[in-house]
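First comes the structure, then the notes that go with it.
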Amino acid sequence: MDKLAQMDTPVFWAEGHPGKLDRENWTIEVTGACERPRSFSWDELLALPQTEADGRLTSVTRWSVRGVWKGVSLSTLLAEVGMKPSCKFIRFWSVGLVYDTSIPLATALREKSLLVHSFDGAYLTEDYGGPVRAFIPYLWGYKSAKSVVKVELMEYYVPGYWEQRGYTDSGEIEAGPVRDINAGGEIKAIPGGDEVKF
Ligand SMILES: Nc1nc2c(c(=O)[nH]1)N[C@H]1C(S)=C(S)[C@@H](COP(=O)(O)O)O[C@H]1N2
Ligand SMILES: [Mo]
């Protein structure tokens with residue numbers, strides 16, 4: 001069993017579980033405000049410089065899980081397609097194109113903002129957003145879209161799946177208690193305002 005499942009990390013699929021997904025034939029379309037819109041195959045994603053980030057995915061429903069997430073940094077990806085200066089937000093689309101969410105460009109360019117394929121040395125399963133998901137530790141987990149098929153470079157903001165249903169557009173992590181999944185659900189206090197660090 002993979003590490004996230006072993007730790008009993010909650011599995012969220014608001015739009016319904018996508019079922020079995022084909023990792024080796026996965027492609028991600030990168031489009032919008034860029035000079036060279038294109039698709040990246042699984043092999044092409046793995047051929048880009050790989051980045052690891054030790055960090056936490058923290059849900060607005062007040063749990064948080066830590067590990068080493070690995071993939072391609074959004075700054076690398078955006079440079080690959082020749083991002084235009086007019087790009088202000090990055091919009092992620094999940095498989096099926098029902099779930100989407102957007103983050104400010106400045107957050108996307110931070111060092112731990114990645115498109116990840118692995119957690120603690122193993123490929124992500126479908127439950128946890130494999131083959132490739134967003135990992136944005138600086139904001140609530142609903143900004144970390146799972147099973148991403150499209151990344152859109154946006155000139156303006158569009159509220160996503162959860163943002164249209166009442167979660168904040170900023171996704172800023174708010175102070176309060178969270179269950180630490182790595183510590184068997186022990187309740188810990190977080191300050192809010194940025195990445196959760198413990
Ligand atoms: N496609 C998709 N991505 C999603 C969600 C979802 O329902 N569908 N839930 C989000 C929320 S609210 C959180 S907290 C994390 C949870 O990630 P996990 O299900 O891998 O634990 O995924 C985010 N990405
Ligand atoms: Mo969440």
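By convention in this document, the chains of the structure tokens carry letters A, B, ... by their order, each chain's residues are numbered from 1, and ligands are numbered from 1 in the order they are shown.
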
Please report as a tab-separated table every residue of chain A lying within 6 Å of ligand 1, along with the nearest atom pair and their distance in Å (one decimal), using only C-alpha atoms and all ligand atoms.
```
residue	atom	partner	partner_atom_place_in_ligand_line	distance
A:Thr9	CA	ligand 1	21 (O)	5.7
A:Pro10	CA	ligand 1	21 (O)	4.9
A:Val11	CA	ligand 1	19 (O)	3.5
A:Phe12	CA	ligand 1	19 (O)	3.8
A:Trp13	CA	ligand 1	7 (O)	3.5
A:Ala14	CA	ligand 1	7 (O)	3.6
A:Ser59	CA	ligand 1	14 (S)	3.8
A:Ser94	CA	ligand 1	1 (N)	4.8
A:Tyr99	CA	ligand 1	1 (N)	5.1
A:Tyr128	CA	ligand 1	20 (O)	3.5
A:Gly129	CA	ligand 1	20 (O)	5.6
A:Gly141	CA	ligand 1	14 (S)	3.8
A:Tyr142	CA	ligand 1	11 (C)	3.7
A:Ser144	CA	ligand 1	24 (N)	4.9
A:Ala145	CA	ligand 1	24 (N)	3.8
A:Lys146	CA	ligand 1	3 (N)	3.9
```

Would you put the residues from that selection into a file with N, CA, C and O atoms, as a tab-separated table (two decimals), in the first residue's frame?
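Output file selection-v1.tsv follows:
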```
chain	number	residue	atom	x	y	z
A	9	THR	N	-4.84	8.79	5.00
A	9	THR	CA	-5.10	10.16	4.54
A	9	THR	C	-6.47	10.20	3.87
A	9	THR	O	-6.76	9.34	3.03
A	10	PRO	N	-7.31	11.15	4.23
A	10	PRO	CA	-8.64	11.23	3.58
A	10	PRO	C	-8.52	11.35	2.06
A	10	PRO	O	-7.55	11.91	1.55
A	11	VAL	N	-9.50	10.81	1.36
A	11	VAL	CA	-9.54	10.85	-0.11
A	11	VAL	C	-10.74	11.69	-0.51
A	11	VAL	O	-11.88	11.32	-0.20
A	12	PHE	N	-10.49	12.80	-1.18
A	12	PHE	CA	-11.59	13.68	-1.60
A	12	PHE	C	-11.73	13.70	-3.12
A	12	PHE	O	-10.77	13.99	-3.83
A	13	TRP	N	-12.92	13.40	-3.59
A	13	TRP	CA	-13.24	13.52	-5.01
A	13	TRP	C	-14.64	14.11	-5.11
A	13	TRP	O	-15.62	13.38	-5.27
A	14	ALA	N	-14.75	15.41	-5.02
A	14	ALA	CA	-16.05	16.07	-5.02
A	14	ALA	C	-16.86	15.70	-6.26
A	14	ALA	O	-18.08	15.55	-6.20
A	59	SER	N	-5.92	20.53	4.52
A	59	SER	CA	-7.30	20.74	4.07
A	59	SER	C	-8.03	21.74	4.95
A	59	SER	O	-7.85	21.76	6.17
A	94	SER	N	-8.93	19.23	-13.48
A	94	SER	CA	-8.80	17.80	-13.21
A	94	SER	C	-9.48	16.99	-14.30
A	94	SER	O	-10.33	17.51	-15.03
A	99	TYR	N	-13.79	19.60	-12.07
A	99	TYR	CA	-13.10	20.27	-10.96
A	99	TYR	C	-12.00	21.16	-11.51
A	99	TYR	O	-11.14	20.72	-12.27
A	128	TYR	N	-5.22	9.47	-4.67
A	128	TYR	CA	-4.55	10.68	-4.22
A	128	TYR	C	-4.11	11.60	-5.37
A	128	TYR	O	-3.19	12.38	-5.23
A	129	GLY	N	-4.79	11.46	-6.51
A	129	GLY	CA	-4.57	12.44	-7.58
A	129	GLY	C	-3.55	12.06	-8.62
A	129	GLY	O	-3.14	12.90	-9.41
A	141	GLY	N	-5.88	22.89	0.78
A	141	GLY	CA	-5.76	21.76	-0.13
A	141	GLY	C	-6.65	21.82	-1.37
A	141	GLY	O	-6.33	21.20	-2.38
A	142	TYR	N	-7.76	22.57	-1.30
A	142	TYR	CA	-8.63	22.59	-2.49
A	142	TYR	C	-7.98	23.27	-3.68
A	142	TYR	O	-8.46	23.16	-4.81
A	144	SER	N	-4.95	22.36	-4.54
A	144	SER	CA	-4.08	21.31	-5.08
A	144	SER	C	-4.92	20.31	-5.87
A	144	SER	O	-5.21	19.19	-5.42
A	145	ALA	N	-5.31	20.71	-7.08
A	145	ALA	CA	-6.18	19.88	-7.92
A	145	ALA	C	-5.53	18.53	-8.21
A	145	ALA	O	-4.32	18.45	-8.44
A	146	LYS	N	-6.36	17.47	-8.20
A	146	LYS	CA	-5.88	16.11	-8.43
A	146	LYS	C	-6.05	15.71	-9.90
A	146	LYS	O	-6.90	16.22	-10.60
```

Neighbour list for A:Ile103 as a PyMOL selection string, cut-off 8 Å, only C-alpha atoms, skip fewer than 3 positions in-chain: chain A and resi 89-91+107-108+143+170

Mind dumping the selected residues with N, CA and C atoms as a compact mmCIF listing (two decimals), in the first residue's frame?
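Okay, part-v3.txt is ready:
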```txt
# COMPACT_ATOMS: atom_id res chain seq x y z
N PHE A 89 -2.87 34.47 -13.28
CA PHE A 89 -3.35 33.34 -12.46
C PHE A 89 -3.06 32.04 -13.21
N ILE A 90 -2.91 30.96 -12.44
CA ILE A 90 -2.75 29.63 -13.03
C ILE A 90 -3.96 28.81 -12.62
N ARG A 91 -4.62 28.25 -13.64
CA ARG A 91 -5.85 27.48 -13.43
C ARG A 91 -5.57 26.01 -13.72
N THR A 107 2.07 32.88 -6.32
CA THR A 107 2.08 31.65 -5.52
C THR A 107 2.60 30.49 -6.35
N ALA A 108 2.17 30.45 -7.62
CA ALA A 108 2.61 29.38 -8.51
C ALA A 108 4.14 29.39 -8.68
N LYS A 143 -6.84 23.97 -3.43
CA LYS A 143 -6.08 24.55 -4.55
C LYS A 143 -5.16 23.50 -5.21
N SER A 170 -9.02 33.17 -2.19
CA SER A 170 -7.57 33.25 -1.89
C SER A 170 -7.02 31.89 -1.47
```

Please identify all polymer residues within 12 Å of A:Val148, counting only C-alpha atoms, omitting same-chain residues fewer than 2 positions from it, and present them as a PyMOL selection string. chain A and resi 18+21+23+26-30+40+42+91-101+114-117+126+128-135+143-146+150-152

For the atom pair atom CA of A:Asp8 and atom CA of A:Glu174, what is the interatomic distance in Å to one decimal place?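 Here the two named atoms are 23.4 Å from each other.
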
Within 10 Å of A:Met154, counting only C-alpha atoms, which residues show up once you throw out same-chain ones fewer than 5 positions away? Write them as a PDB file with all heavy atoms, in the first residue's frame, please.
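So result_39.pdb came out as:
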```pdb
ATOM      1  N   THR A  31      -1.874  25.682 -21.720  1.00  0.00           N
ATOM      2  CA  THR A  31      -2.465  26.573 -22.706  1.00  0.00           C
ATOM      3  C   THR A  31      -2.763  27.946 -22.094  1.00  0.00           C
ATOM      4  O   THR A  31      -2.582  28.143 -20.900  1.00  0.00           O
ATOM      5  CB  THR A  31      -3.761  25.907 -23.253  1.00  0.00           C
ATOM      6  OG1 THR A  31      -4.359  26.776 -24.206  1.00  0.00           O
ATOM      7  CG2 THR A  31      -4.772  25.639 -22.159  1.00  0.00           C
ATOM      8  N   GLY A  32      -3.191  28.880 -22.924  1.00  0.00           N
ATOM      9  CA  GLY A  32      -3.541  30.215 -22.434  1.00  0.00           C
ATOM     10  C   GLY A  32      -2.456  31.233 -22.761  1.00  0.00           C
ATOM     11  O   GLY A  32      -1.897  31.201 -23.873  1.00  0.00           O
ATOM     12  N   ALA A  33      -2.161  32.100 -21.783  1.00  0.00           N
ATOM     13  CA  ALA A  33      -1.271  33.239 -22.020  1.00  0.00           C
ATOM     14  C   ALA A  33       0.201  32.823 -22.062  1.00  0.00           C
ATOM     15  O   ALA A  33       0.981  33.041 -21.130  1.00  0.00           O
ATOM     16  CB  ALA A  33      -1.503  34.294 -20.943  1.00  0.00           C
ATOM     17  N   CYS A  34       0.572  32.192 -23.180  1.00  0.00           N
ATOM     18  CA  CYS A  34       1.965  31.753 -23.359  1.00  0.00           C
ATOM     19  C   CYS A  34       2.306  31.731 -24.846  1.00  0.00           C
ATOM     20  O   CYS A  34       1.427  31.657 -25.693  1.00  0.00           O
ATOM     21  CB  CYS A  34       2.188  30.377 -22.732  1.00  0.00           C
ATOM     22  SG  CYS A  34       1.124  29.080 -23.372  1.00  0.00           S
ATOM     23  N   LYS A  84       3.501  34.527 -20.988  1.00  0.00           N
ATOM     24  CA  LYS A  84       3.426  35.948 -21.363  1.00  0.00           C
ATOM     25  C   LYS A  84       3.279  36.816 -20.110  1.00  0.00           C
ATOM     26  O   LYS A  84       2.709  36.363 -19.107  1.00  0.00           O
ATOM     27  CB  LYS A  84       2.224  36.177 -22.276  1.00  0.00           C
ATOM     28  CG  LYS A  84       2.387  35.578 -23.669  1.00  0.00           C
ATOM     29  CD  LYS A  84       1.176  35.924 -24.534  1.00  0.00           C
ATOM     30  CE  LYS A  84       1.335  35.345 -25.942  1.00  0.00           C
ATOM     31  NZ  LYS A  84       0.074  35.442 -26.723  1.00  0.00           N
ATOM     32  N   SER A  86       1.233  38.962 -19.507  1.00  0.00           N
ATOM     33  CA  SER A  86      -0.182  39.181 -19.168  1.00  0.00           C
ATOM     34  C   SER A  86      -0.755  38.083 -18.269  1.00  0.00           C
ATOM     35  O   SER A  86      -1.865  38.208 -17.756  1.00  0.00           O
ATOM     36  CB  SER A  86      -1.009  39.266 -20.459  1.00  0.00           C
ATOM     37  OG  SER A  86      -0.865  38.061 -21.192  1.00  0.00           O
ATOM     38  N   CYS A  87       0.000  37.000 -18.065  1.00  0.00           N
ATOM     39  CA  CYS A  87      -0.476  35.897 -17.210  1.00  0.00           C
ATOM     40  C   CYS A  87      -0.483  36.330 -15.748  1.00  0.00           C
ATOM     41  O   CYS A  87       0.541  36.773 -15.235  1.00  0.00           O
ATOM     42  CB  CYS A  87       0.411  34.669 -17.399  1.00  0.00           C
ATOM     43  SG  CYS A  87      -0.015  33.324 -16.264  1.00  0.00           S
ATOM     44  N   LYS A  88      -1.643  36.184 -15.091  1.00  0.00           N
ATOM     45  CA  LYS A  88      -1.780  36.627 -13.692  1.00  0.00           C
ATOM     46  C   LYS A  88      -2.212  35.494 -12.741  1.00  0.00           C
ATOM     47  O   LYS A  88      -1.986  35.573 -11.547  1.00  0.00           O
ATOM     48  CB  LYS A  88      -2.826  37.756 -13.600  1.00  0.00           C
ATOM     49  CG  LYS A  88      -2.471  39.020 -14.403  1.00  0.00           C
ATOM     50  CD  LYS A  88      -1.318  39.768 -13.762  1.00  0.00           C
ATOM     51  CE  LYS A  88      -0.998  41.090 -14.453  1.00  0.00           C
ATOM     52  NZ  LYS A  88      -0.411  40.906 -15.809  1.00  0.00           N
ATOM     53  N   PHE A  89      -2.867  34.472 -13.280  1.00  0.00           N
ATOM     54  CA  PHE A  89      -3.348  33.341 -12.463  1.00  0.00           C
ATOM     55  C   PHE A  89      -3.064  32.038 -13.206  1.00  0.00           C
ATOM     56  O   PHE A  89      -3.010  32.028 -14.436  1.00  0.00           O
ATOM     57  CB  PHE A  89      -4.865  33.438 -12.211  1.00  0.00           C
ATOM     58  CG  PHE A  89      -5.243  34.629 -11.385  1.00  0.00           C
ATOM     59  CD1 PHE A  89      -5.566  35.835 -11.990  1.00  0.00           C
ATOM     60  CD2 PHE A  89      -5.256  34.541  -9.993  1.00  0.00           C
ATOM     61  CE1 PHE A  89      -5.897  36.954 -11.226  1.00  0.00           C
ATOM     62  CE2 PHE A  89      -5.591  35.648  -9.223  1.00  0.00           C
ATOM     63  CZ  PHE A  89      -5.915  36.860  -9.841  1.00  0.00           C
ATOM     64  N   ILE A  90      -2.908  30.959 -12.437  1.00  0.00           N
ATOM     65  CA  ILE A  90      -2.748  29.634 -13.030  1.00  0.00           C
ATOM     66  C   ILE A  90      -3.965  28.806 -12.621  1.00  0.00           C
ATOM     67  O   ILE A  90      -4.303  28.714 -11.443  1.00  0.00           O
ATOM     68  CB  ILE A  90      -1.446  28.951 -12.539  1.00  0.00           C
ATOM     69  CG1 ILE A  90      -0.217  29.826 -12.849  1.00  0.00           C
ATOM     70  CG2 ILE A  90      -1.316  27.561 -13.166  1.00  0.00           C
ATOM     71  CD1 ILE A  90      -0.001  30.148 -14.319  1.00  0.00           C
ATOM     72  N   ARG A  91      -4.622  28.253 -13.644  1.00  0.00           N
ATOM     73  CA  ARG A  91      -5.850  27.476 -13.429  1.00  0.00           C
ATOM     74  C   ARG A  91      -5.572  26.009 -13.717  1.00  0.00           C
ATOM     75  O   ARG A  91      -5.046  25.672 -14.786  1.00  0.00           O
ATOM     76  CB  ARG A  91      -6.930  28.011 -14.375  1.00  0.00           C
ATOM     77  CG  ARG A  91      -8.300  27.407 -14.186  1.00  0.00           C
ATOM     78  CD  ARG A  91      -9.276  28.066 -15.157  1.00  0.00           C
ATOM     79  NE  ARG A  91     -10.659  27.759 -14.837  1.00  0.00           N
ATOM     80  CZ  ARG A  91     -11.701  28.213 -15.523  1.00  0.00           C
ATOM     81  NH1 ARG A  91     -11.501  29.001 -16.590  1.00  0.00           N
ATOM     82  NH2 ARG A  91     -12.921  27.901 -15.170  1.00  0.00           N
ATOM     83  N   SER A 102      -7.954  27.903  -9.256  1.00  0.00           N
ATOM     84  CA  SER A 102      -6.929  28.830  -9.739  1.00  0.00           C
ATOM     85  C   SER A 102      -6.145  29.442  -8.590  1.00  0.00           C
ATOM     86  O   SER A 102      -6.697  29.666  -7.501  1.00  0.00           O
ATOM     87  CB  SER A 102      -7.577  29.966 -10.541  1.00  0.00           C
ATOM     88  OG  SER A 102      -8.226  29.457 -11.687  1.00  0.00           O
ATOM     89  N   ILE A 103      -4.881  29.709  -8.864  1.00  0.00           N
ATOM     90  CA  ILE A 103      -4.017  30.357  -7.864  1.00  0.00           C
ATOM     91  C   ILE A 103      -3.305  31.543  -8.504  1.00  0.00           C
ATOM     92  O   ILE A 103      -3.092  31.568  -9.725  1.00  0.00           O
ATOM     93  CB  ILE A 103      -2.973  29.366  -7.277  1.00  0.00           C
ATOM     94  CG1 ILE A 103      -1.998  28.872  -8.365  1.00  0.00           C
ATOM     95  CG2 ILE A 103      -3.669  28.185  -6.595  1.00  0.00           C
ATOM     96  CD1 ILE A 103      -0.811  28.082  -7.815  1.00  0.00           C
ATOM     97  N   PRO A 104      -2.924  32.544  -7.692  1.00  0.00           N
ATOM     98  CA  PRO A 104      -2.193  33.680  -8.245  1.00  0.00           C
ATOM     99  C   PRO A 104      -0.833  33.230  -8.795  1.00  0.00           C
ATOM    100  O   PRO A 104      -0.218  32.294  -8.255  1.00  0.00           O
ATOM    101  CB  PRO A 104      -1.971  34.603  -7.036  1.00  0.00           C
ATOM    102  CG  PRO A 104      -2.904  34.131  -5.979  1.00  0.00           C
ATOM    103  CD  PRO A 104      -3.136  32.671  -6.239  1.00  0.00           C
ATOM    104  N   LEU A 105      -0.381  33.887  -9.838  1.00  0.00           N
ATOM    105  CA  LEU A 105       0.914  33.558 -10.434  1.00  0.00           C
ATOM    106  C   LEU A 105       2.027  33.596  -9.383  1.00  0.00           C
ATOM    107  O   LEU A 105       2.896  32.721  -9.359  1.00  0.00           O
ATOM    108  CB  LEU A 105       1.228  34.538 -11.575  1.00  0.00           C
ATOM    109  CG  LEU A 105       2.604  34.338 -12.211  1.00  0.00           C
ATOM    110  CD1 LEU A 105       2.700  32.970 -12.874  1.00  0.00           C
ATOM    111  CD2 LEU A 105       2.906  35.458 -13.199  1.00  0.00           C
TER     112      LEU A 105
END
```

Would you mind telling me which residue in A:Glu52, A:Glu111, A:Asp194, A:Asp120 lies nearest to A:Ala175 when using only C-alpha atoms?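 Of A:Glu52, A:Glu111, A:Asp194, A:Asp120, the one nearest A:Ala175 is A:Asp194, counting only C-alpha atoms.
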
Determine, counting only C-alpha atoms, which protein, DNA and RNA residues have an atom within 8 Å of an atom of stretch 66-77 of chain A; residues of the same chain fewer than 4 positions away are not included. Present the result as a PyMOL selection string. chain A and resi 45-46+48-57+81+108-121+135+181-182

Which residue of A:Arg62, A:Arg179, A:Lys188, A:Lys20 approaches ligand 2 most closely, using only C-alpha atoms and all ligand atoms: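 Once distances to ligand 2 are computed over only C-alpha atoms and all ligand atoms, the minimum belongs to A:Arg62.
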
Assign secondary structure with DSSP using the backbone only, and return the residues of stretch 1-137 of chain A in alpha helix (DSSP H) as a PyMOL selection string. chain A and resi 3-6+42-47+74-80+105-108

Can you write just those residues out, all heavy atoms, as a compact mmCIF listing (two decimals), in the first residue's frame?
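Once written, again-v3.txt looks like this:
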```
# COMPACT_ATOMS: atom_id res chain seq x y z
N LYS A 3 2.06 5.12 0.85
CA LYS A 3 2.22 5.80 2.14
C LYS A 3 0.99 6.63 2.54
O LYS A 3 0.56 6.59 3.69
CB LYS A 3 3.46 6.70 2.02
CG LYS A 3 4.05 7.21 3.30
CD LYS A 3 5.00 6.23 3.95
CE LYS A 3 5.54 6.81 5.25
NZ LYS A 3 6.48 7.95 5.02
N LEU A 4 0.41 7.35 1.60
CA LEU A 4 -0.75 8.18 1.94
C LEU A 4 -1.91 7.31 2.41
O LEU A 4 -2.60 7.64 3.38
CB LEU A 4 -1.17 9.03 0.73
CG LEU A 4 -0.26 10.23 0.44
CD1 LEU A 4 -0.46 10.73 -1.00
CD2 LEU A 4 -0.49 11.36 1.44
N ALA A 5 -2.11 6.17 1.73
CA ALA A 5 -3.18 5.24 2.14
C ALA A 5 -2.85 4.61 3.48
O ALA A 5 -3.72 4.49 4.35
CB ALA A 5 -3.36 4.17 1.06
N GLN A 6 -1.57 4.21 3.65
CA GLN A 6 -1.12 3.62 4.92
C GLN A 6 -1.44 4.51 6.11
O GLN A 6 -1.83 4.05 7.17
CB GLN A 6 0.40 3.45 4.90
CG GLN A 6 0.89 2.08 4.56
CD GLN A 6 2.42 2.09 4.39
OE1 GLN A 6 3.13 2.79 5.10
NE2 GLN A 6 2.87 1.33 3.42
N TRP A 42 3.56 11.94 -20.39
CA TRP A 42 4.16 11.43 -19.15
C TRP A 42 5.70 11.44 -19.27
O TRP A 42 6.39 11.93 -18.38
CB TRP A 42 3.62 10.02 -18.89
CG TRP A 42 4.27 9.28 -17.79
CD1 TRP A 42 5.12 8.22 -17.92
CD2 TRP A 42 4.13 9.52 -16.38
NE1 TRP A 42 5.51 7.78 -16.68
CE2 TRP A 42 4.92 8.56 -15.72
CE3 TRP A 42 3.41 10.46 -15.62
CZ2 TRP A 42 5.02 8.50 -14.33
CZ3 TRP A 42 3.50 10.40 -14.23
CH2 TRP A 42 4.30 9.42 -13.61
N ASP A 43 6.22 10.91 -20.39
CA ASP A 43 7.68 10.85 -20.57
C ASP A 43 8.29 12.25 -20.64
O ASP A 43 9.37 12.49 -20.12
CB ASP A 43 8.03 10.07 -21.84
CG ASP A 43 7.73 8.58 -21.68
OD1 ASP A 43 7.67 8.11 -20.53
OD2 ASP A 43 7.55 7.90 -22.72
N GLU A 44 7.58 13.16 -21.30
CA GLU A 44 8.10 14.53 -21.41
C GLU A 44 8.12 15.23 -20.05
O GLU A 44 9.05 15.99 -19.74
CB GLU A 44 7.28 15.33 -22.42
CG GLU A 44 7.57 14.91 -23.86
CD GLU A 44 6.57 15.48 -24.87
OE1 GLU A 44 5.43 15.81 -24.51
OE2 GLU A 44 6.96 15.57 -26.06
N LEU A 45 7.11 14.96 -19.24
CA LEU A 45 7.10 15.54 -17.88
C LEU A 45 8.28 15.01 -17.06
O LEU A 45 8.94 15.77 -16.35
CB LEU A 45 5.79 15.20 -17.16
CG LEU A 45 4.58 16.05 -17.54
CD1 LEU A 45 3.32 15.45 -16.93
CD2 LEU A 45 4.76 17.50 -17.09
N LEU A 46 8.53 13.71 -17.18
CA LEU A 46 9.64 13.11 -16.42
C LEU A 46 11.00 13.56 -16.94
O LEU A 46 12.00 13.50 -16.20
CB LEU A 46 9.55 11.58 -16.44
CG LEU A 46 8.38 10.96 -15.71
CD1 LEU A 46 8.51 9.44 -15.67
CD2 LEU A 46 8.23 11.48 -14.29
N ALA A 47 11.04 14.00 -18.20
CA ALA A 47 12.31 14.45 -18.78
C ALA A 47 12.65 15.89 -18.38
O ALA A 47 13.79 16.33 -18.53
CB ALA A 47 12.26 14.32 -20.30
N LEU A 74 6.18 24.47 -11.01
CA LEU A 74 5.37 25.26 -11.94
C LEU A 74 6.22 26.31 -12.63
O LEU A 74 5.99 26.62 -13.80
CB LEU A 74 4.17 25.87 -11.21
CG LEU A 74 3.09 24.83 -10.93
CD1 LEU A 74 2.11 25.31 -9.88
CD2 LEU A 74 2.35 24.46 -12.21
N SER A 75 7.23 26.83 -11.95
CA SER A 75 8.08 27.84 -12.61
C SER A 75 8.80 27.22 -13.81
O SER A 75 8.92 27.84 -14.86
CB SER A 75 9.04 28.51 -11.63
OG SER A 75 10.03 27.62 -11.22
N THR A 76 9.24 25.97 -13.68
CA THR A 76 9.88 25.26 -14.81
C THR A 76 8.88 25.09 -15.95
O THR A 76 9.17 25.39 -17.11
CB THR A 76 10.39 23.88 -14.36
OG1 THR A 76 11.43 24.06 -13.40
CG2 THR A 76 10.91 23.06 -15.53
N LEU A 77 7.68 24.63 -15.60
CA LEU A 77 6.66 24.36 -16.62
C LEU A 77 6.27 25.65 -17.36
O LEU A 77 6.16 25.66 -18.59
CB LEU A 77 5.43 23.75 -15.96
CG LEU A 77 4.41 23.19 -16.92
CD1 LEU A 77 4.84 21.79 -17.39
CD2 LEU A 77 3.02 23.12 -16.30
N LEU A 78 6.09 26.72 -16.60
CA LEU A 78 5.64 27.99 -17.20
C LEU A 78 6.73 28.57 -18.10
O LEU A 78 6.45 29.14 -19.15
CB LEU A 78 5.23 28.98 -16.11
CG LEU A 78 4.03 28.50 -15.26
CD1 LEU A 78 3.76 29.48 -14.12
CD2 LEU A 78 2.79 28.30 -16.10
N ALA A 79 7.99 28.37 -17.72
CA ALA A 79 9.09 28.84 -18.56
C ALA A 79 9.14 28.03 -19.86
O ALA A 79 9.41 28.59 -20.94
CB ALA A 79 10.42 28.73 -17.81
N GLU A 80 8.87 26.73 -19.78
CA GLU A 80 8.86 25.86 -20.95
C GLU A 80 7.92 26.36 -22.04
O GLU A 80 8.20 26.22 -23.22
CB GLU A 80 8.41 24.43 -20.58
CG GLU A 80 9.46 23.56 -19.98
CD GLU A 80 10.60 23.24 -20.94
OE1 GLU A 80 10.32 22.85 -22.09
OE2 GLU A 80 11.75 23.38 -20.53
N LEU A 105 -0.38 33.89 -9.84
CA LEU A 105 0.91 33.56 -10.43
C LEU A 105 2.03 33.60 -9.38
O LEU A 105 2.90 32.72 -9.36
CB LEU A 105 1.23 34.54 -11.57
CG LEU A 105 2.60 34.34 -12.21
CD1 LEU A 105 2.70 32.97 -12.87
CD2 LEU A 105 2.91 35.46 -13.20
N ALA A 106 2.02 34.61 -8.52
CA ALA A 106 3.09 34.75 -7.52
C ALA A 106 3.20 33.49 -6.65
O ALA A 106 4.31 33.06 -6.31
CB ALA A 106 2.86 35.98 -6.65
N THR A 107 2.07 32.88 -6.32
CA THR A 107 2.08 31.65 -5.52
C THR A 107 2.60 30.49 -6.35
O THR A 107 3.37 29.65 -5.88
CB THR A 107 0.67 31.34 -4.98
OG1 THR A 107 0.18 32.49 -4.31
CG2 THR A 107 0.69 30.15 -4.02
N ALA A 108 2.17 30.45 -7.62
CA ALA A 108 2.61 29.38 -8.51
C ALA A 108 4.14 29.39 -8.68
O ALA A 108 4.75 28.34 -8.89
CB ALA A 108 1.93 29.51 -9.87
```

So the first atom is atom CA of A:Tyr156 and the second is atom CA of A:Glu172; what is the distance between them in Å, to one decimal place? 18.6 Å

How would you write, as a VMD selection string, the set of residues in chain A that DSSP gives as strand (DSSP E or B)? chain A and resid 27 to 32 34 38 to 41 51 to 59 63 to 73 83 89 to 94 100 to 104 114 to 119 122 to 123 133 to 135 139 148 to 154 172 174 to 180 186 to 192

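Computed from the coordinates, the atom 1 (Mo, counted along the ligand's line) of ligand 2 to atom CA of A:Thr61 distance equals 5.4 Å.
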